[in-house]
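Okay, query-v1.csv now, which holds CSV, C-alpha atoms and all ligand atoms:
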chain,number,residue,atom,x,y,z
A,121,MET,CA,-2.0,-21.4,-8.6
A,122,THR,CA,-0.4,-21.1,-12.1
A,123,MET,CA,1.7,-18.0,-12.7
A,124,ARG,CA,1.4,-16.6,-16.2
A,125,LEU,CA,4.6,-15.0,-17.5
A,126,ASP,CA,4.6,-12.8,-20.7
A,127,TYR,CA,7.8,-11.4,-22.3
A,128,LEU,CA,7.6,-8.5,-24.8
A,129,SER,CA,10.9,-8.1,-26.7
A,130,ILE,CA,12.4,-7.6,-30.2
A,131,PHE,CA,14.5,-10.7,-29.3
A,132,PRO,CA,11.8,-13.2,-28.1
A,133,GLY,CA,14.2,-16.1,-28.7
A,134,TYR,CA,16.1,-15.1,-25.5
A,135,PHE,CA,13.2,-16.8,-23.7
A,136,ASP,CA,13.5,-20.2,-25.4
A,137,VAL,CA,15.8,-21.1,-22.5
A,138,LEU,CA,12.8,-21.1,-20.2
A,139,ASP,CA,11.8,-24.5,-21.7
A,140,ILE,CA,14.8,-26.3,-20.1
A,141,SER,CA,16.1,-27.1,-16.6
A,142,LEU,CA,14.0,-26.6,-13.5
A,143,LEU,CA,11.9,-23.8,-15.1
A,144,GLY,CA,11.0,-26.3,-17.9
A,145,LYS,CA,9.8,-28.6,-15.2
A,146,ALA,CA,7.7,-25.9,-13.6
A,147,VAL,CA,6.1,-25.3,-17.0
A,148,ASP,CA,5.5,-29.1,-17.4
A,149,ASN,CA,3.9,-29.4,-14.0
A,150,GLY,CA,1.7,-26.4,-14.5
A,151,LEU,CA,3.2,-24.1,-12.0
A,152,VAL,CA,4.0,-21.5,-14.7
A,153,GLU,CA,3.0,-20.8,-18.2
A,154,VAL,CA,5.4,-18.8,-20.4
A,155,HIS,CA,4.5,-16.6,-23.5
A,156,ALA,CA,7.2,-14.8,-25.4
A,157,HIS,CA,6.1,-12.1,-27.9
A,158,ASP,CA,7.9,-10.3,-30.7
A,159,LEU,CA,7.2,-6.5,-30.3
A,160,ARG,CA,7.7,-6.2,-34.1
A,161,ASP,CA,4.4,-8.1,-34.5
A,162,TRP,CA,2.7,-4.9,-33.5
A,163,THR,CA,4.3,-2.7,-36.2
A,164,HIS,CA,2.7,-1.9,-39.5
A,165,ASP,CA,5.5,-0.7,-41.8
A,166,ARG,CA,7.6,-2.7,-44.2
A,167,HIS,CA,10.7,-2.4,-42.0
A,168,ARG,CA,8.8,-3.3,-38.8
A,169,THR,CA,10.2,-0.2,-37.2
A,170,VAL,CA,10.3,0.0,-33.4
A,171,ASP,CA,12.6,2.9,-32.8
A,172,ASP,CA,13.2,6.5,-33.6
A,173,THR,CA,15.6,9.4,-32.8
A,174,PRO,CA,15.3,10.9,-29.3
A,175,CYS,CA,13.3,14.1,-28.9
A,176,GLY,CA,15.6,16.8,-27.7
A,177,GLY,CA,18.6,15.2,-29.3
A,178,GLY,CA,21.2,12.8,-27.8
A,179,ALA,CA,22.9,9.6,-28.8
A,180,GLY,CA,21.2,6.4,-29.9
A,181,MET,CA,17.6,5.6,-30.6
A,182,VAL,CA,14.5,5.4,-28.4
A,183,MET,CA,11.7,2.7,-28.7
A,184,LYS,CA,8.5,4.2,-30.1
A,185,PRO,CA,5.4,4.0,-27.9
A,186,ASP,CA,3.0,2.8,-30.6
A,187,PRO,CA,4.1,-0.8,-30.9
A,188,TRP,CA,4.1,-1.1,-27.1
A,189,GLY,CA,0.6,0.3,-26.7
A,190,GLU,CA,-0.8,-2.1,-29.3
A,191,ALA,CA,1.0,-5.0,-27.8
A,192,PHE,CA,-0.4,-4.2,-24.4
A,193,ASP,CA,-3.9,-4.0,-25.9
A,194,GLY,CA,-3.4,-7.4,-27.5
A,195,ILE,CA,-1.6,-9.2,-24.7
A,196,ILE,CA,-3.0,-7.8,-21.5
A,197,GLY,CA,-6.2,-5.9,-22.6
A,198,ILE,CA,-7.7,-2.4,-22.5
A,199,GLU,CA,-9.2,-2.6,-19.0
A,200,PRO,CA,-7.2,-1.5,-15.9
A,201,ASP,CA,-6.3,-4.5,-13.7
A,202,PRO,CA,-3.9,-3.9,-10.8
A,203,SER,CA,-3.5,-7.7,-10.3
A,204,VAL,CA,-1.3,-7.7,-13.4
A,205,HIS,CA,2.3,-6.8,-12.6
A,206,VAL,CA,4.3,-5.2,-15.4
A,207,ILE,CA,8.0,-5.2,-15.0
A,208,PHE,CA,10.3,-2.8,-16.9
A,209,PRO,CA,13.9,-3.8,-16.4
A,210,THR,CA,16.0,-0.6,-16.5
A,211,PRO,CA,19.3,0.7,-15.2
A,212,SER,CA,17.4,3.5,-13.6
A,213,GLY,CA,15.1,1.1,-11.7
A,214,ILE,CA,14.8,0.2,-8.1
A,215,PRO,CA,17.4,-2.5,-7.2
A,216,PHE,CA,15.9,-5.9,-7.5
A,217,THR,CA,16.1,-7.8,-4.2
A,218,GLN,CA,15.1,-11.1,-2.7
A,219,SER,CA,12.2,-9.5,-0.9
A,220,ALA,CA,10.9,-8.2,-4.2
A,221,ALA,CA,11.3,-11.8,-5.6
A,222,GLN,CA,9.4,-13.1,-2.6
A,223,GLU,CA,6.5,-10.6,-3.2
A,224,LEU,CA,6.4,-11.3,-6.9
A,225,SER,CA,6.3,-15.1,-6.4
A,226,THR,CA,2.7,-14.7,-5.0
A,227,VAL,CA,1.2,-12.9,-8.0
A,228,GLU,CA,-0.7,-14.6,-10.8
A,229,ARG,CA,0.4,-12.6,-13.8
A,230,VAL,CA,3.7,-10.9,-14.7
A,231,VAL,CA,4.5,-9.1,-18.0
A,232,PHE,CA,8.1,-8.3,-18.7
A,233,CYS,CA,8.7,-5.3,-21.0
A,234,CYS,CA,12.2,-5.7,-22.4
A,235,GLY,CA,13.6,-2.5,-23.8
A,236,ARG,CA,16.5,-2.1,-26.2
A,237,TYR,CA,18.4,0.8,-27.8
A,238,GLU,CA,18.6,3.6,-25.3
A,239,GLY,CA,15.3,2.6,-23.7
A,240,ILE,CA,11.5,2.9,-24.1
A,241,ASP,CA,9.5,6.2,-24.6
A,242,HIS,CA,8.6,7.2,-21.1
A,243,ARG,CA,4.9,7.5,-21.9
A,244,VAL,CA,4.8,3.7,-22.3
A,245,ILE,CA,5.7,3.4,-18.6
A,246,ASP,CA,3.4,6.2,-17.6
A,247,TYR,CA,0.5,4.6,-19.5
A,248,ALA,CA,1.2,1.2,-17.9
A,249,ARG,CA,1.1,2.8,-14.5
A,250,THR,CA,-2.5,4.0,-15.2
A,251,MET,CA,-3.5,0.4,-16.0
A,252,TRP,CA,-1.5,-2.2,-14.0
A,253,THR,CA,0.9,-2.5,-11.1
A,254,VAL,CA,4.3,-1.4,-12.5
A,255,HIS,CA,7.8,-2.2,-11.3
A,256,GLU,CA,10.9,-0.4,-12.8
A,257,LEU,CA,13.7,-2.8,-11.6
A,258,SER,CA,17.4,-2.8,-12.0
A,259,LEU,CA,19.7,-5.9,-11.7
A,260,GLY,CA,22.6,-3.8,-10.5
A,261,ASP,CA,25.0,-1.0,-11.2
A,262,TYR,CA,26.3,-2.0,-14.6
A,263,VAL,CA,24.9,-1.5,-18.1
A,264,LEU,CA,23.4,-4.3,-20.2
A,265,ASN,CA,22.3,-3.9,-23.8
A,266,GLY,CA,18.7,-4.6,-23.1
A,267,GLY,CA,16.2,-5.9,-20.6
A,268,GLU,CA,16.1,-9.6,-21.6
A,269,VAL,CA,18.9,-10.9,-19.4
A,270,ALA,CA,17.4,-9.0,-16.5
A,271,ALA,CA,14.0,-10.5,-17.2
A,272,LEU,CA,15.5,-14.0,-17.2
A,273,ALA,CA,17.3,-13.3,-13.9
A,274,ILE,CA,14.2,-11.9,-12.2
A,275,THR,CA,12.2,-14.8,-13.6
A,276,GLU,CA,14.5,-17.4,-12.0
A,277,ALA,CA,14.6,-15.6,-8.7
A,278,VAL,CA,10.8,-15.4,-8.6
A,279,VAL,CA,9.7,-18.8,-9.9
A,280,ARG,CA,12.0,-20.8,-7.6
A,281,LEU,CA,10.1,-19.3,-4.7
A,282,ILE,CA,6.7,-20.4,-6.0
A,283,PRO,CA,5.3,-23.1,-3.5
A,284,GLY,CA,5.8,-26.5,-5.0
A,285,PHE,CA,8.7,-25.5,-7.3
A,286,MET,CA,11.6,-26.5,-5.2
A,287,GLY,CA,11.7,-30.2,-4.2
A,288,ASN,CA,13.1,-29.3,-0.8
A,289,PRO,CA,11.6,-25.9,0.3
A,290,GLU,CA,13.7,-26.1,3.5
A,291,SER,CA,16.8,-25.3,1.4
A,292,LEU,CA,15.2,-21.9,0.7
A,293,ALA,CA,15.2,-21.0,4.4
A,294,GLU,CA,19.0,-21.0,4.7
A,295,GLU,CA,19.9,-19.1,1.5
A,296,SER,CA,21.6,-15.7,1.5
A,297,PHE,CA,19.0,-12.9,1.5
A,298,SER,CA,16.1,-15.3,2.4
A,299,PRO,CA,13.9,-14.0,5.3
A,300,GLY,CA,15.8,-14.3,8.5
A,301,GLN,CA,19.1,-14.7,6.6
A,302,GLU,CA,18.9,-11.4,4.7
A,303,ARG,CA,21.9,-9.9,6.5
A,304,LEU,CA,24.3,-12.9,6.0
A,305,LEU,CA,26.1,-14.4,3.0
A,306,GLU,CA,26.0,-18.2,2.6
A,307,TYR,CA,28.8,-20.2,4.3
A,308,PRO,CA,31.3,-22.2,2.2
A,309,LEU,CA,30.0,-25.6,1.0
A,310,PHE,CA,31.8,-28.9,0.8
A,311,THR,CA,31.0,-32.5,-0.4
A,312,ARG,CA,32.9,-35.7,-1.0
A,313,PRO,CA,35.8,-36.6,-1.4
A,314,VAL,CA,36.8,-35.6,2.0
A,315,SER,CA,40.4,-35.0,0.7
A,316,TRP,CA,40.9,-33.4,-2.7
A,317,ARG,CA,44.3,-32.2,-4.2
A,318,GLY,CA,45.7,-31.9,-0.7
A,319,MET,CA,42.7,-30.0,0.7
A,320,ASP,CA,40.4,-31.5,3.3
A,321,VAL,CA,36.8,-30.8,4.2
A,322,PRO,CA,36.8,-28.9,7.6
A,323,GLU,CA,36.8,-31.5,10.3
A,324,VAL,CA,33.8,-30.0,12.1
A,325,LEU,CA,31.6,-30.8,9.1
A,326,MET,CA,32.5,-34.5,9.4
A,327,SER,CA,32.0,-34.6,13.2
A,328,GLY,CA,28.3,-35.3,13.1
A,329,HIS,CA,28.0,-32.7,15.9
A,330,HIS,CA,25.1,-30.6,14.6
A,331,GLY,CA,25.5,-27.8,17.2
A,332,ARG,CA,29.1,-27.3,16.4
A,333,ILE,CA,28.4,-27.5,12.6
A,334,ALA,CA,25.7,-24.8,12.9
A,335,GLU,CA,28.1,-22.6,15.0
A,336,TRP,CA,30.9,-23.0,12.4
A,337,ARG,CA,28.6,-22.2,9.5
A,338,ARG,CA,27.2,-19.0,11.3
A,339,GLU,CA,30.8,-17.9,12.1
A,340,GLU,CA,31.9,-18.5,8.5
A,341,SER,CA,28.8,-16.5,7.2
A,342,LEU,CA,29.6,-13.6,9.6
A,343,LEU,CA,33.3,-13.5,8.5
A,344,LEU,CA,32.3,-13.7,4.8
A,345,THR,CA,29.7,-11.0,5.1
A,346,ARG,CA,32.0,-8.7,7.1
A,347,ASP,CA,34.7,-9.1,4.5
A,348,ARG,CA,32.6,-8.9,1.2
A,349,ARG,CA,29.4,-7.1,2.2
A,350,PRO,CA,30.0,-4.8,5.1
A,351,ASP,CA,27.0,-2.9,3.9
A,352,LEU,CA,24.8,-5.8,5.0
A,353,THR,CA,26.1,-5.6,8.6
A,354,ASP,CA,25.1,-2.0,9.3
B,1,LIG,C1,23.9,3.1,-23.2
B,1,LIG,N1,22.5,2.8,-22.8
B,1,LIG,C2,22.3,3.2,-21.4
B,1,LIG,C3,20.9,3.0,-20.9
B,1,LIG,C4,20.5,1.5,-21.2
B,1,LIG,C5,20.8,1.0,-22.6
B,1,LIG,C6,20.6,-0.5,-22.8
B,1,LIG,N2,19.2,-0.9,-22.3
B,1,LIG,C7,18.1,-0.7,-23.1
B,1,LIG,C8,17.0,-1.2,-22.3
B,1,LIG,C9,17.5,-1.7,-21.1
B,1,LIG,C10,17.0,-2.4,-20.0
B,1,LIG,C11,17.8,-2.7,-18.9
B,1,LIG,C12,19.1,-2.4,-18.9
B,1,LIG,C13,20.0,-2.7,-17.7
B,1,LIG,N3,21.3,-2.4,-17.7
B,1,LIG,N4,21.8,-2.6,-16.5
B,1,LIG,C14,20.8,-3.1,-15.7
B,1,LIG,N5,21.0,-3.5,-14.4
B,1,LIG,C15,19.7,-3.2,-16.5
B,1,LIG,C16,18.4,-3.7,-15.9
B,1,LIG,N6,17.5,-4.2,-15.5
B,1,LIG,C17,19.7,-1.8,-20.1
B,1,LIG,C18,18.9,-1.5,-21.1
B,1,LIG,C19,22.2,1.4,-23.0
Can you give me the file's structure in the form of structure tokens?
Ligand SMILES: CN1CCC[C@H](Cn2ccc3ccc(-c4n[nH]c(N)c4C#N)cc32)C1
Amino acid sequence: MTMRLDYLSIFPGYFDVLDISLLGKAVDNGLVEVHAHDLRDWTHDRHRTVDDTPCGGGAGMVMKPDPWGEAFDGIIGIEPDPSVHVIFPTPSGIPFTQSAAQELSTVERVVFCCGRYEGIDHRVIDYARTMWTVHELSLGDYVLNGGEVAALAITEAVVRLIPGFMGNPESLAEESFSPGQERLLEYPLFTRPVSWRGMDVPEVLMSGHHGRIAEWRREESLLLTRDRRPDLTD
């Protein structure tokens, strides 16, 4: 299966980065195809206007619905299709989690709608909900200047779970938040040299005793989780 990823933004250049690293490899081997679009291509005035003042007053500007609607018509189409997943990154969204990444890694088409200014006219989201499967997702409890960085983070979390993307799929099984691990943070990692600036790799990891190593790693994960993420241990 090839996943098609579309990005709608007034800064489509943000997504040039998807041509490099592992994601670039996924594009090369046909696992994903990436299309970034400039929302201003669907404006018709000389200034290519995409924003206007908020109805009801308030600070900042709001993204006009018209360019979004015309972009949807051009990029996705005018017929409803629940198999298309449209993601609106927003601070008021549902927290994005590994399980959401897992679910999205199985879909064939994802369209990211990256807002700017104070956000997008809500009727755009309401319209999208009548046509496609919509996800309003938040990266976390802090404020970004737009949806592009969130779209990149969500893309990486999703694409790496596509079967055939990771050279060693077993490495996915042990990660923090992966199924079966979702309540534990990852244990500390070490590699050679065994001694570095007076600090040694824990002896148990050099023992070759797999049972003891697994026990040490689980204990370290439990300690770390209890210390940094007590909310995961409830
Ligand atoms: C002062 N205002 C407040 C509302 C948001 C305005 C900037 N903005 C416009 C579009 C947009 C999309 C996502 C995010 C965002 N921020 N934090 C997260 N976890 C996000 C996610 N996903 C932020 C965004 C700035």
Would you mind listing, for every residue of region 140-177 of chain A within 9 Å of region 188-202 of chain A, the two atoms forming the shortest contact and the distance between them in Å to one decimal, using only C-alpha atoms, sorted by chain and ascending residue number, as CSV?
residue,atom,partner,partner_atom,distance
A:His157,CA,A:Ala191,CA,8.7
A:Leu159,CA,A:Ala191,CA,6.9
A:Asp161,CA,A:Ala191,CA,8.1
A:Trp162,CA,A:Ala191,CA,5.9
A:Thr163,CA,A:Glu190,CA,8.6
A:Val170,CA,A:Trp188,CA,8.9
- Message: For ligand LIG 1 (chain B), return the neighbouring residues as an MDAnalysis selection string (distance at most 10 Å; only C-alpha atoms and all ligand atoms).
- Response: chainID A and resid 179:183 207:216 233:240 256:271 273:274
Contacts between region 150-153 of chain A and region 255-347 of chain A, please, where a residue of region 255-347 of chain A counts if it comes within 9 Å (with all atoms listed in the file); show its shortest atom pair and distance in Å to one decimal, rows by chain and ascending number, as CSV.
residue,atom,partner,partner_atom,distance
A:Val279,CA,A:Val152,CA,7.9
A:Ile282,CA,A:Leu151,CA,7.9
A:Pro283,CA,A:Leu151,CA,8.8
A:Gly284,CA,A:Leu151,CA,7.8
A:Phe285,CA,A:Leu151,CA,7.4
- Query: Which residue gives the smallest distance to Asp158 (chain A) among A:Asp186, A:Asp241, A:Asp172, A:Asp126, with all atoms listed in the file counted?
  - Reply: A:Asp126
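One finds CA of Ser203 (chain A) at 9.9 Å from CA of Met251 (chain A).
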- Item | Non-local contacts of Leu304 (chain A) (9 Å; only C-alpha atoms; under 6 positions in same chain excluded) as a list in words | Glu295, Ser296, Phe297, Arg338, Ser341, Leu342, Leu344, Thr345, Arg346, Arg349, Leu352 and Thr353 of chain A
- Task: Provide the CA of His155 (chain A) to CA of Leu138 (chain A) distance in Å, to one decimal place.
- Result: 10.0 Å
- Message: For a test of reading the model, state the distance in Å between CA of Tyr307 (chain A) and CA of Glu335 (chain A), rounded to one decimal.
- Response: 11.0 Å
- Message: Residues within 12 Å of (14.4, -24.9, -15.9), file coordinates, counting only C-alpha atoms: what are they? Give the list as a PyMOL selection string.
- Response: chain A and resi 135-149+151-152+154+272+275-277+279-280+285-286
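In this comparison, which uses only C-alpha atoms, the residue of A:Val230, A:Val204, A:Ile130, A:Thr253 approaching Thr169 (chain A) most closely is A:Ile130.
Remark: for Met121 (chain A), the closest of the candidate residues A:Ala221, A:Arg166, A:His205, A:Val227 is A:Val227 (distances computed over all atoms listed in the file).
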